[in-house]
>>> print(open('query-v1.cif').read())   # mmCIF, C-alpha atoms
data_protein
loop_
_atom_site.label_atom_id
_atom_site.label_comp_id
_atom_site.auth_asym_id
_atom_site.auth_seq_id
_atom_site.Cartn_x
_atom_site.Cartn_y
_atom_site.Cartn_z
CA MET U 1 20.10 0.62 -19.26
CA ASN U 2 17.92 -2.48 -19.31
CA ALA U 3 19.38 -5.64 -20.84
CA PRO U 4 17.72 -7.04 -23.98
CA ASN U 5 14.61 -9.14 -23.36
CA THR U 6 14.29 -8.03 -19.73
CA PRO U 7 11.32 -6.02 -18.45
CA TYR U 8 11.82 -2.28 -18.48
CA ARG U 9 12.93 -0.82 -15.16
CA PRO U 10 13.50 2.90 -14.49
CA ILE U 11 16.72 4.23 -12.97
CA LEU U 12 16.30 4.03 -9.20
CA THR U 13 18.26 5.04 -6.16
CA ALA U 14 18.33 2.64 -3.21
CA ALA U 15 17.88 5.15 -0.44
CA ALA U 16 15.98 3.33 2.30
CA ARG U 17 16.25 4.94 5.73
CA PRO U 18 16.71 2.96 8.95
CA SER U 19 13.27 1.88 10.12
CA THR U 20 13.92 2.28 13.85
CA PHE U 21 16.03 4.49 16.08
CA GLU U 22 17.12 3.87 19.66
CA VAL U 23 16.30 6.40 22.37
CA ARG U 24 16.31 6.33 26.16
CA ALA U 25 13.06 6.24 28.08
CA VAL U 26 12.12 5.88 31.74
CA ASP U 27 9.67 3.15 32.72
CA GLU U 28 6.97 3.20 35.40
CA ASN U 29 9.55 2.20 38.01
CA GLY U 30 11.81 5.11 37.16
CA GLU U 31 14.37 2.88 35.47
CA ALA U 32 16.05 4.10 32.27
CA ARG U 33 16.08 1.75 29.33
CA ALA U 34 17.00 1.81 25.65
CA THR U 35 13.88 1.71 23.50
CA SER U 36 13.32 1.44 19.74
CA ILE U 37 11.06 4.00 18.11
CA ALA U 38 9.84 4.17 14.50
CA GLY U 39 11.44 6.59 12.07
CA GLU U 40 9.44 9.40 10.47
CA HIS U 41 10.76 11.66 7.73
CA PRO U 42 9.28 14.29 5.42
CA LEU U 43 9.69 13.41 1.75
CA THR U 44 8.68 16.00 -0.83
CA LEU U 45 7.62 14.47 -4.14
CA TYR U 46 8.61 16.27 -7.35
CA ILE U 47 7.46 15.12 -10.75
CA ASP U 48 9.30 16.65 -13.69
CA LYS U 49 10.49 19.43 -11.32
CA HIS U 50 6.91 20.19 -10.27
CA GLU U 51 6.40 19.99 -6.51
CA LEU U 52 3.42 17.76 -5.80
CA LEU U 53 3.21 17.23 -2.04
CA THR U 54 5.16 16.23 1.07
CA ILE U 55 4.65 12.75 2.51
CA MET U 56 5.55 11.77 6.07
CA THR U 57 7.10 8.32 5.79
CA LEU U 58 9.15 5.69 7.57
CA GLY U 59 11.45 5.85 4.54
CA ALA U 60 11.84 2.08 4.15
CA ALA U 61 10.92 1.99 0.42
CA PRO U 62 10.87 5.60 -0.83
CA GLU U 63 11.31 4.83 -4.54
CA ALA U 64 8.47 2.30 -4.61
CA LEU U 65 6.36 4.66 -2.51
CA ALA U 66 6.78 7.48 -5.04
CA ILE U 67 5.94 5.23 -8.00
CA GLY U 68 2.97 3.63 -6.26
CA TYR U 69 1.62 7.00 -5.14
CA LEU U 70 1.64 8.30 -8.72
CA ARG U 71 0.08 5.04 -9.93
CA ASN U 72 -2.72 5.07 -7.36
CA GLN U 73 -3.44 8.75 -7.96
CA ARG U 74 -3.89 7.91 -11.66
CA LEU U 75 -1.17 10.41 -12.59
CA LEU U 76 0.85 7.68 -14.35
CA ALA U 77 -0.60 4.89 -16.47
CA ARG U 78 2.47 2.67 -17.07
CA ILE U 79 5.81 1.95 -15.44
CA VAL U 80 7.50 2.58 -18.80
CA ASP U 81 6.45 6.23 -18.48
CA VAL U 82 8.93 6.60 -15.59
CA VAL U 83 12.53 7.36 -16.57
CA SER U 84 14.04 7.71 -13.11
CA VAL U 85 13.24 8.02 -9.40
CA GLN U 86 15.96 9.73 -7.36
CA VAL U 87 15.74 10.08 -3.56
CA ASP U 88 17.97 12.56 -1.73
CA TRP U 89 17.56 12.55 2.05
CA ASP U 90 19.91 15.52 2.42
CA VAL U 91 17.05 17.66 1.12
CA ASN U 92 14.23 15.19 1.97
CA ALA U 93 13.07 14.97 -1.63
CA VAL U 94 12.28 12.42 -4.32
CA ALA U 95 12.47 13.51 -7.96
CA VAL U 96 10.50 11.53 -10.54
CA THR U 97 11.34 12.13 -14.19
CA THR U 98 8.82 10.96 -16.79
CA ARG U 99 9.38 10.11 -20.42
CA ASP U 100 7.02 12.60 -22.03
CA GLY U 101 5.89 14.76 -19.12
CA LEU U 102 2.38 14.77 -17.70
CA LYS U 103 -0.31 16.64 -19.56
CA ASP U 104 -2.75 18.75 -17.55
CA LEU U 105 -0.92 18.09 -14.29
CA GLU U 106 -2.18 21.34 -12.78
CA ALA U 107 -5.78 20.46 -13.63
CA LYS U 108 -5.41 16.90 -12.34
CA THR U 109 -4.02 18.04 -8.99
CA ALA U 110 -6.21 21.11 -8.53
CA LYS U 111 -8.88 19.26 -6.56
CA ARG U 112 -7.68 17.50 -3.44
CA THR U 113 -9.73 15.39 -1.07
CA LYS U 114 -8.29 14.87 2.41
CA THR U 115 -8.82 11.26 3.43
CA THR U 116 -8.68 9.37 6.70
CA GLY U 117 -5.16 8.10 6.04
CA CYS U 118 -3.89 8.78 9.57
CA GLY U 119 -4.35 12.49 8.95
CA GLN U 120 -2.03 12.46 5.95
CA GLY U 121 -3.99 10.97 3.07
CA THR U 122 -4.71 13.02 -0.03
CA VAL U 123 -6.54 11.89 -3.15
CA PHE U 124 -6.44 14.06 -6.25
CA GLY U 125 -9.64 14.55 -8.21
CA ASP U 126 -12.95 12.82 -7.65
CA LEU U 127 -12.73 9.82 -5.32
CA MET U 128 -15.09 7.88 -7.56
CA ASP U 129 -13.27 8.59 -10.83
CA GLU U 130 -12.78 5.41 -12.85
CA ILE U 131 -14.38 3.13 -10.24
CA ASP U 132 -17.19 2.31 -12.66
CA ALA U 133 -14.57 1.01 -15.08
CA VAL U 134 -12.91 -1.35 -12.58
CA ARG U 135 -13.38 -5.03 -13.41
CA LEU U 136 -12.13 -7.51 -10.84
CA PRO U 137 -11.54 -11.12 -11.94
CA ALA U 138 -14.94 -12.80 -12.05
CA GLY U 139 -13.68 -16.32 -11.31
CA ALA U 140 -11.34 -15.56 -8.43
CA THR U 141 -12.08 -17.45 -5.21
CA LEU U 142 -10.57 -17.57 -1.74
CA SER U 143 -10.55 -20.64 0.49
CA ARG U 144 -10.75 -20.48 4.26
CA SER U 145 -7.48 -22.42 4.38
CA ALA U 146 -5.68 -19.78 2.33
CA LEU U 147 -7.17 -17.00 4.46
CA TYR U 148 -6.10 -18.69 7.71
CA ALA U 149 -2.64 -19.39 6.26
CA LEU U 150 -2.21 -15.69 5.43
CA MET U 151 -3.22 -14.59 8.94
CA GLU U 152 -0.73 -17.06 10.42
CA ARG U 153 2.05 -15.82 8.09
CA VAL U 154 1.34 -12.25 9.17
CA ARG U 155 1.33 -13.24 12.86
CA GLN U 156 4.74 -14.87 12.53
CA HIS U 157 6.26 -12.12 10.39
CA GLU U 158 9.04 -10.08 12.00
CA THR U 159 7.76 -6.52 12.03
CA ILE U 160 8.80 -3.04 13.02
CA TYR U 161 5.53 -2.85 14.96
CA LYS U 162 6.74 -5.59 17.31
CA GLN U 163 9.93 -3.62 17.97
CA ALA U 164 8.66 -0.07 18.12
CA GLY U 165 4.92 0.17 17.46
CA ALA U 166 3.59 3.34 15.79
CA VAL U 167 3.33 1.88 12.27
CA HIS U 168 0.81 0.18 10.00
CA GLY U 169 1.65 -2.87 7.93
CA CYS U 170 0.37 -4.06 4.55
CA ALA U 171 1.05 -7.31 2.74
CA LEU U 172 0.47 -8.69 -0.74
CA ALA U 173 0.08 -12.47 -0.67
CA THR U 174 -0.42 -15.38 -3.01
CA ASN U 175 -3.78 -17.13 -3.11
CA ASN U 176 -3.34 -20.85 -3.62
CA ALA U 177 -5.99 -23.53 -3.16
CA THR U 178 -5.14 -24.20 0.50
CA SER U 179 -2.26 -21.88 1.33
CA SER U 180 -0.92 -18.34 1.07
CA ASP U 181 2.56 -16.84 1.15
CA ILE U 182 3.61 -13.21 1.61
CA ILE U 183 5.13 -11.62 -1.51
CA TYR U 184 5.67 -8.13 -0.06
CA PHE U 185 5.30 -6.83 3.47
CA VAL U 186 5.65 -3.07 3.94
CA GLU U 187 5.26 -0.97 7.07
CA ASP U 188 4.96 2.79 7.28
CA VAL U 189 3.65 5.51 9.57
CA GLY U 190 0.45 5.57 7.49
CA ARG U 191 -1.33 2.62 5.92
CA HIS U 192 -1.85 4.61 2.71
CA ASN U 193 1.95 4.86 2.33
CA ALA U 194 2.32 1.10 2.77
CA VAL U 195 -0.30 0.29 0.12
CA ASP U 196 1.28 2.79 -2.30
CA ALA U 197 4.73 1.24 -1.79
CA ILE U 198 3.33 -2.21 -2.59
CA ALA U 199 1.62 -0.79 -5.69
CA GLY U 200 5.01 0.55 -6.80
CA MET U 201 6.72 -2.80 -6.16
CA MET U 202 4.04 -4.60 -8.16
CA TRP U 203 4.64 -2.30 -11.14
CA LEU U 204 8.41 -2.65 -10.92
CA ASP U 205 8.25 -6.45 -10.67
CA ARG U 206 5.32 -6.90 -13.10
CA VAL U 207 3.18 -8.61 -10.46
CA ASP U 208 -0.49 -8.96 -11.37
CA GLY U 209 -3.07 -8.41 -8.64
CA GLY U 210 -5.91 -10.47 -10.07
CA ASP U 211 -5.13 -13.65 -8.10
CA LYS U 212 -3.70 -12.02 -4.95
CA ILE U 213 -4.83 -11.13 -1.42
CA PHE U 214 -4.14 -7.74 0.14
CA TYR U 215 -3.82 -7.57 3.92
CA THR U 216 -3.61 -4.46 6.10
CA THR U 217 -3.45 -3.82 9.80
CA GLY U 218 -5.40 -0.59 9.28
CA ARG U 219 -9.07 0.13 8.82
CA LEU U 220 -10.70 -0.34 5.42
CA THR U 221 -11.63 3.16 4.28
CA SER U 222 -12.79 4.30 0.85
CA GLU U 223 -9.20 5.17 -0.05
CA MET U 224 -7.93 1.67 0.77
CA VAL U 225 -10.72 0.00 -1.20
CA ILE U 226 -10.22 2.28 -4.22
CA LYS U 227 -6.47 1.63 -4.27
CA ALA U 228 -6.91 -2.14 -3.99
CA ALA U 229 -9.50 -2.01 -6.78
CA GLN U 230 -7.17 -0.01 -9.03
CA MET U 231 -4.50 -2.65 -8.37
CA GLU U 232 -7.14 -5.22 -9.52
CA ILE U 233 -6.95 -7.16 -6.25
CA PRO U 234 -10.22 -8.98 -5.49
CA PHE U 235 -9.56 -9.82 -1.80
CA LEU U 236 -9.02 -7.20 0.91
CA VAL U 237 -8.41 -8.37 4.48
CA SER U 238 -7.87 -6.33 7.64
CA ARG U 239 -7.41 -7.06 11.31
CA SER U 240 -9.30 -3.79 11.89
CA GLY U 241 -12.75 -2.54 10.92
CA LEU U 242 -14.16 -0.58 8.00
CA THR U 243 -16.05 2.57 7.11
CA GLN U 244 -19.43 2.95 5.46
CA MET U 245 -17.96 4.40 2.26
CA GLY U 246 -15.35 1.65 2.11
CA TYR U 247 -18.15 -0.91 2.45
CA GLU U 248 -20.26 0.70 -0.28
CA ILE U 249 -17.39 0.91 -2.78
CA ALA U 250 -16.38 -2.71 -2.11
CA GLN U 251 -19.96 -3.73 -2.86
CA LYS U 252 -19.96 -1.65 -6.03
CA VAL U 253 -16.80 -3.21 -7.49
CA GLY U 254 -17.55 -6.75 -6.27
CA MET U 255 -14.58 -6.99 -3.91
CA THR U 256 -14.42 -9.54 -1.11
CA MET U 257 -13.90 -7.48 2.06
CA ILE U 258 -12.98 -9.21 5.31
CA GLY U 259 -12.45 -7.36 8.59
CA ARG U 260 -11.63 -8.12 12.22
CA ALA U 261 -9.44 -10.96 10.97
CA THR U 262 -7.28 -12.51 13.70
CA GLY U 263 -6.44 -16.14 14.31
CA LYS U 264 -9.37 -18.05 12.82
CA HIS U 265 -11.92 -15.33 13.44
CA PHE U 266 -13.14 -12.87 10.83
CA LEU U 267 -16.16 -10.95 9.60
CA LEU U 268 -17.09 -11.23 5.92
CA PHE U 269 -18.72 -7.98 4.77
CA THR U 270 -18.89 -8.13 0.96
CA GLY U 271 -18.18 -10.53 -1.89
CA GLY U 272 -19.23 -13.66 -0.01
CA GLU U 273 -19.72 -15.54 -3.27
CA ARG U 274 -15.92 -15.65 -3.68
CA LEU U 275 -15.24 -17.32 -0.32
CA ARG U 276 -15.06 -21.10 -0.38
CA GLY U 277 -16.26 -22.78 2.79
CA ASP U 278 -13.65 -25.48 3.15
CA ALA U 279 -12.33 -26.29 6.63
#
>>> encode(input="query-v1.cif", output="structure tokens")
Amino acid sequence: MNAPNTPYRPILTAAARPSTFEVRAVDENGEARATSIAGEHPLTLYIDKHELLTIMTLGAAPEALAIGYLRNQRLLARIVDVVSVQVDWDVNAVAVTTRDGLKDLEAKTAKRTKTTGCGQGTVFGDLMDEIDAVRLPAGATLSRSALYALMERVRQHETIYKQAGAVHGCALATNNATSSDIIYFVEDVGRHNAVDAIAGMMWLDRVDGGDKIFYTTGRLTSEMVIKAAQMEIPFLVSRSGLTQMGYEIAQKVGMTMIGRATGKHFLLFTGGERLRGDA
């Protein structure tokens, strides 16, 4: 039960799986060595006892992943609609219980669009649903100093990728006048999982996206842009490239999209009016 005057929080397990596992491999010289590899686990999502889908995940933040997935699929509108999120790795399942049930769940999930999310992404319904209604903060700006500070924070961050590879990372960061700090950093076997987990964390912690920067190691596809837009984040940065549909949607919603961002190099694709040209 939540204490008086504290934000509502559903009942959650804390069932994170180990992110890496050690195996033996043989190098090019024929020498055996212990090597870290990334975890990967099936996690079947149930909502009010209705099986929705199975996600392949690192398992580092399964509760936040389930909440963020339902948020970004527009199946839940508020965190207060969630009563509990229970993860059980013995049966590789996460059970979400809602307060009043979901109306028209069958109709909402009838149409599925496979996305480019590392072969695993699924978006329910029309990809462009509700995009016309998205309104990103009109006055939000990003300085070069803050952008460079974020890229340096990411470079220095201890990551599973450095240990084992095979994962994508996403970060939500502050956007101050001349600096940026990482609020959340999540890695998973698919970038869509990482962005969903951050969306869940933002809901749980009541973090607003309107003045934040979202960073991903993965490419900027339509799915990534739509999710960032639904989280009301005006700045999307990637060390990778982008797709045509991602570019067109970013233009449509007025998002600042930056790709190929490493060190002090980047390509600004959309939303250039938000970028301040300070040194």
>>> atom_distance(input="query-v1.cif", atom1="atom CA of U:Ile249", atom2="atom CA of U:Val225")
6.9 Å
>>> atom_distance(input="query-v1.cif", atom1="atom CA of U:Gly39", atom2="atom CA of U:Arg219")
21.7 Å
>>> closest_residue(input="query-v1.cif", among="U:Tyr148, U:Tyr184, U:Phe214, U:Tyr46", to="U:Ala261", atoms="only C-alpha atoms")
U:Tyr148
>>> atom_distance(input="query-v1.cif", atom1="atom CA of U:Leu52", atom2="atom CA of U:Asp196")
15.5 Å
>>> residues_around(input="query-v1.cif", residues="U:Leu275", least_positions_apart="6", cutoff="6 Å", atoms="all atoms listed in the file", output="PyMOL selection string")
chain U and resi 141-143
>>> closest_residue(input="query-v1.cif", among="U:Thr262, U:Asn29, U:Thr57, U:Gln156", to="U:His192", atoms="all atoms listed in the file")
U:Thr57
>>> resolve_selection(input="query-v1.cif", expression="the PyMOL selection byres ((chain U and resi 42) around 9)", output="PyMOL selection string")
chain U and resi 40-41+43-44+54-59+92-93
>>> write_last_selection(input="query-v1.cif", atoms="C-alpha atoms", output="mmCIF file, in the frame of the given file")
data_model
loop_
_atom_site.group_PDB
_atom_site.id
_atom_site.type_symbol
_atom_site.label_atom_id
_atom_site.label_comp_id
_atom_site.auth_asym_id
_atom_site.auth_seq_id
_atom_site.Cartn_x
_atom_site.Cartn_y
_atom_site.Cartn_z
ATOM 1 C CA GLU U 40 9.440 9.400 10.470
ATOM 2 C CA HIS U 41 10.760 11.660 7.730
ATOM 3 C CA LEU U 43 9.690 13.410 1.750
ATOM 4 C CA THR U 44 8.680 16.000 -0.830
ATOM 5 C CA THR U 54 5.160 16.230 1.070
ATOM 6 C CA ILE U 55 4.650 12.750 2.510
ATOM 7 C CA MET U 56 5.550 11.770 6.070
ATOM 8 C CA THR U 57 7.100 8.320 5.790
ATOM 9 C CA LEU U 58 9.150 5.690 7.570
ATOM 10 C CA GLY U 59 11.450 5.850 4.540
ATOM 11 C CA ASN U 92 14.230 15.190 1.970
ATOM 12 C CA ALA U 93 13.070 14.970 -1.630
#
>>> closest_residue(input="query-v1.cif", among="U:Val83, U:Leu76, U:Ile198, U:Val134", to="U:Cys170", atoms="only C-alpha atoms")
U:Ile198
>>> residues_around(input="query-v1.cif", residues="U:Gly259", least_positions_apart="5", cutoff="12 Å", atoms="only C-alpha atoms", output="number ranges by chain")
U: 147, 151, 214-221, 235-243, 246-247, 264-270
>>> residues_around(input="query-v1.cif", residues="U:Ala34", least_positions_apart="5", cutoff="7 Å", atoms="all atoms listed in the file", output="ChimeraX atom specification")
/U:22-25
>>> write_last_selection(input="query-v1.cif", atoms="C-alpha atoms", output="short mmCIF file (atom, residue, chain, number, x, y, z; two decimals), in the coordinates of the input")
data_model
loop_
_atom_site.label_atom_id
_atom_site.label_comp_id
_atom_site.auth_asym_id
_atom_site.auth_seq_id
_atom_site.Cartn_x
_atom_site.Cartn_y
_atom_site.Cartn_z
CA GLU U 22 17.12 3.87 19.66
CA VAL U 23 16.30 6.40 22.37
CA ARG U 24 16.31 6.33 26.16
CA ALA U 25 13.06 6.24 28.08
#
>>> decode(input="query-v1.cif", residues="stretch 162-202 of chain U", atoms="N, CA and C atoms", output="mmCIF file, in the first residue's frame")
data_model
loop_
_atom_site.group_PDB
_atom_site.id
_atom_site.type_symbol
_atom_site.label_atom_id
_atom_site.label_comp_id
_atom_site.auth_asym_id
_atom_site.auth_seq_id
_atom_site.Cartn_x
_atom_site.Cartn_y
_atom_site.Cartn_z
ATOM 1 N N LYS U 162 30.233 -3.356 -23.326
ATOM 2 C CA LYS U 162 31.687 -3.399 -23.212
ATOM 3 C C LYS U 162 32.162 -4.758 -22.716
ATOM 4 N N GLN U 163 31.341 -5.428 -21.894
ATOM 5 C CA GLN U 163 31.715 -6.736 -21.364
ATOM 6 C C GLN U 163 31.431 -7.864 -22.345
ATOM 7 N N ALA U 164 30.254 -7.791 -22.986
ATOM 8 C CA ALA U 164 29.767 -8.963 -23.710
ATOM 9 C C ALA U 164 29.265 -8.685 -25.113
ATOM 10 N N GLY U 165 29.079 -7.403 -25.479
ATOM 11 C CA GLY U 165 28.496 -7.093 -26.774
ATOM 12 C C GLY U 165 27.060 -7.574 -26.852
ATOM 13 N N ALA U 166 26.515 -7.632 -28.062
ATOM 14 C CA ALA U 166 25.220 -8.271 -28.354
ATOM 15 C C ALA U 166 24.009 -7.563 -27.769
ATOM 16 N N VAL U 167 24.144 -6.317 -27.321
ATOM 17 C CA VAL U 167 23.003 -5.594 -26.766
ATOM 18 C C VAL U 167 22.959 -4.178 -27.335
ATOM 19 N N HIS U 168 21.776 -3.573 -27.221
ATOM 20 C CA HIS U 168 21.595 -2.150 -27.524
ATOM 21 C C HIS U 168 21.388 -1.411 -26.209
ATOM 22 N N GLY U 169 21.792 -0.149 -26.183
ATOM 23 C CA GLY U 169 21.605 0.668 -24.993
ATOM 24 C C GLY U 169 20.774 1.904 -25.299
ATOM 25 N N CYS U 170 19.971 2.318 -24.328
ATOM 26 C CA CYS U 170 19.203 3.557 -24.428
ATOM 27 C C CYS U 170 19.373 4.333 -23.134
ATOM 28 N N ALA U 171 19.361 5.648 -23.243
ATOM 29 C CA ALA U 171 19.508 6.499 -22.064
ATOM 30 C C ALA U 171 18.508 7.647 -22.120
ATOM 31 N N LEU U 172 17.983 8.014 -20.960
ATOM 32 C CA LEU U 172 17.234 9.249 -20.798
ATOM 33 C C LEU U 172 18.121 10.192 -20.019
ATOM 34 N N ALA U 173 18.275 11.427 -20.500
ATOM 35 C CA ALA U 173 19.213 12.360 -19.893
ATOM 36 C C ALA U 173 18.584 13.718 -19.678
ATOM 37 N N THR U 174 19.135 14.438 -18.710
ATOM 38 C CA THR U 174 18.717 15.811 -18.465
ATOM 39 C C THR U 174 19.229 16.701 -19.590
ATOM 40 N N ASN U 175 18.632 17.870 -19.706
ATOM 41 C CA ASN U 175 19.018 18.825 -20.742
ATOM 42 C C ASN U 175 19.154 20.192 -20.095
ATOM 43 N N ASN U 176 20.341 20.445 -19.556
ATOM 44 C CA ASN U 176 20.615 21.730 -18.929
ATOM 45 C C ASN U 176 21.268 22.661 -19.939
ATOM 46 N N ALA U 177 21.487 23.893 -19.547
ATOM 47 C CA ALA U 177 21.983 24.902 -20.485
ATOM 48 C C ALA U 177 23.295 24.489 -21.136
ATOM 49 N N THR U 178 24.215 23.922 -20.354
ATOM 50 C CA THR U 178 25.524 23.562 -20.906
ATOM 51 C C THR U 178 25.952 22.151 -20.538
ATOM 52 N N SER U 179 25.059 21.365 -19.949
ATOM 53 C CA SER U 179 25.462 20.028 -19.507
ATOM 54 C C SER U 179 24.297 19.058 -19.611
ATOM 55 N N SER U 180 24.611 17.783 -19.399
ATOM 56 C CA SER U 180 23.600 16.731 -19.443
ATOM 57 C C SER U 180 24.056 15.578 -18.570
ATOM 58 N N ASP U 181 23.129 15.009 -17.817
ATOM 59 C CA ASP U 181 23.426 13.862 -16.972
ATOM 60 C C ASP U 181 22.435 12.738 -17.258
ATOM 61 N N ILE U 182 22.909 11.501 -17.182
ATOM 62 C CA ILE U 182 22.074 10.343 -17.452
ATOM 63 C C ILE U 182 21.153 10.071 -16.259
ATOM 64 N N ILE U 183 19.867 9.980 -16.523
ATOM 65 C CA ILE U 183 18.876 9.617 -15.496
ATOM 66 C C ILE U 183 18.699 8.107 -15.467
ATOM 67 N N TYR U 184 18.458 7.509 -16.622
ATOM 68 C CA TYR U 184 18.337 6.054 -16.750
ATOM 69 C C TYR U 184 19.223 5.602 -17.908
ATOM 70 N N PHE U 185 19.843 4.444 -17.732
ATOM 71 C CA PHE U 185 20.548 3.793 -18.833
ATOM 72 C C PHE U 185 20.136 2.335 -18.819
ATOM 73 N N VAL U 186 19.534 1.870 -19.893
ATOM 74 C CA VAL U 186 19.022 0.500 -19.970
ATOM 75 C C VAL U 186 19.568 -0.168 -21.219
ATOM 76 N N GLU U 187 20.029 -1.401 -21.049
ATOM 77 C CA GLU U 187 20.471 -2.201 -22.192
ATOM 78 C C GLU U 187 19.596 -3.440 -22.317
ATOM 79 N N ASP U 188 19.398 -3.875 -23.552
ATOM 80 C CA ASP U 188 18.620 -5.088 -23.790
ATOM 81 C C ASP U 188 19.017 -5.654 -25.144
ATOM 82 N N VAL U 189 18.529 -6.857 -25.435
ATOM 83 C CA VAL U 189 18.890 -7.500 -26.693
ATOM 84 C C VAL U 189 18.250 -6.796 -27.883
ATOM 85 N N GLY U 190 17.239 -5.996 -27.650
ATOM 86 C CA GLY U 190 16.616 -5.186 -28.692
ATOM 87 C C GLY U 190 16.448 -3.767 -28.198
ATOM 88 N N ARG U 191 16.687 -2.795 -29.075
ATOM 89 C CA ARG U 191 16.567 -1.399 -28.650
ATOM 90 C C ARG U 191 15.137 -1.045 -28.277
ATOM 91 N N HIS U 192 14.155 -1.705 -28.895
ATOM 92 C CA HIS U 192 12.758 -1.422 -28.565
ATOM 93 C C HIS U 192 12.458 -1.821 -27.122
ATOM 94 N N ASN U 193 13.079 -2.900 -26.621
ATOM 95 C CA ASN U 193 12.915 -3.279 -25.218
ATOM 96 C C ASN U 193 13.486 -2.210 -24.294
ATOM 97 N N ALA U 194 14.668 -1.690 -24.653
ATOM 98 C CA ALA U 194 15.318 -0.694 -23.808
ATOM 99 C C ALA U 194 14.488 0.583 -23.716
ATOM 100 N N VAL U 195 13.923 1.029 -24.841
ATOM 101 C CA VAL U 195 13.108 2.245 -24.796
ATOM 102 C C VAL U 195 11.822 2.000 -24.012
ATOM 103 N N ASP U 196 11.233 0.813 -24.130
ATOM 104 C CA ASP U 196 10.027 0.509 -23.358
ATOM 105 C C ASP U 196 10.319 0.490 -21.863
ATOM 106 N N ALA U 197 11.458 -0.092 -21.474
ATOM 107 C CA ALA U 197 11.814 -0.132 -20.055
ATOM 108 C C ALA U 197 11.976 1.275 -19.494
ATOM 109 N N ILE U 198 12.589 2.171 -20.262
ATOM 110 C CA ILE U 198 12.740 3.552 -19.809
ATOM 111 C C ILE U 198 11.380 4.231 -19.718
ATOM 112 N N ALA U 199 10.485 3.946 -20.668
ATOM 113 C CA ALA U 199 9.129 4.504 -20.589
ATOM 114 C C ALA U 199 8.433 4.048 -19.311
ATOM 115 N N GLY U 200 8.620 2.782 -18.940
ATOM 116 C CA GLY U 200 8.039 2.286 -17.697
ATOM 117 C C GLY U 200 8.631 2.956 -16.476
ATOM 118 N N MET U 201 9.947 3.147 -16.458
ATOM 119 C CA MET U 201 10.606 3.821 -15.338
ATOM 120 C C MET U 201 10.121 5.260 -15.197
ATOM 121 N N MET U 202 9.936 5.934 -16.328
ATOM 122 C CA MET U 202 9.460 7.314 -16.295
ATOM 123 C C MET U 202 8.067 7.387 -15.665
#
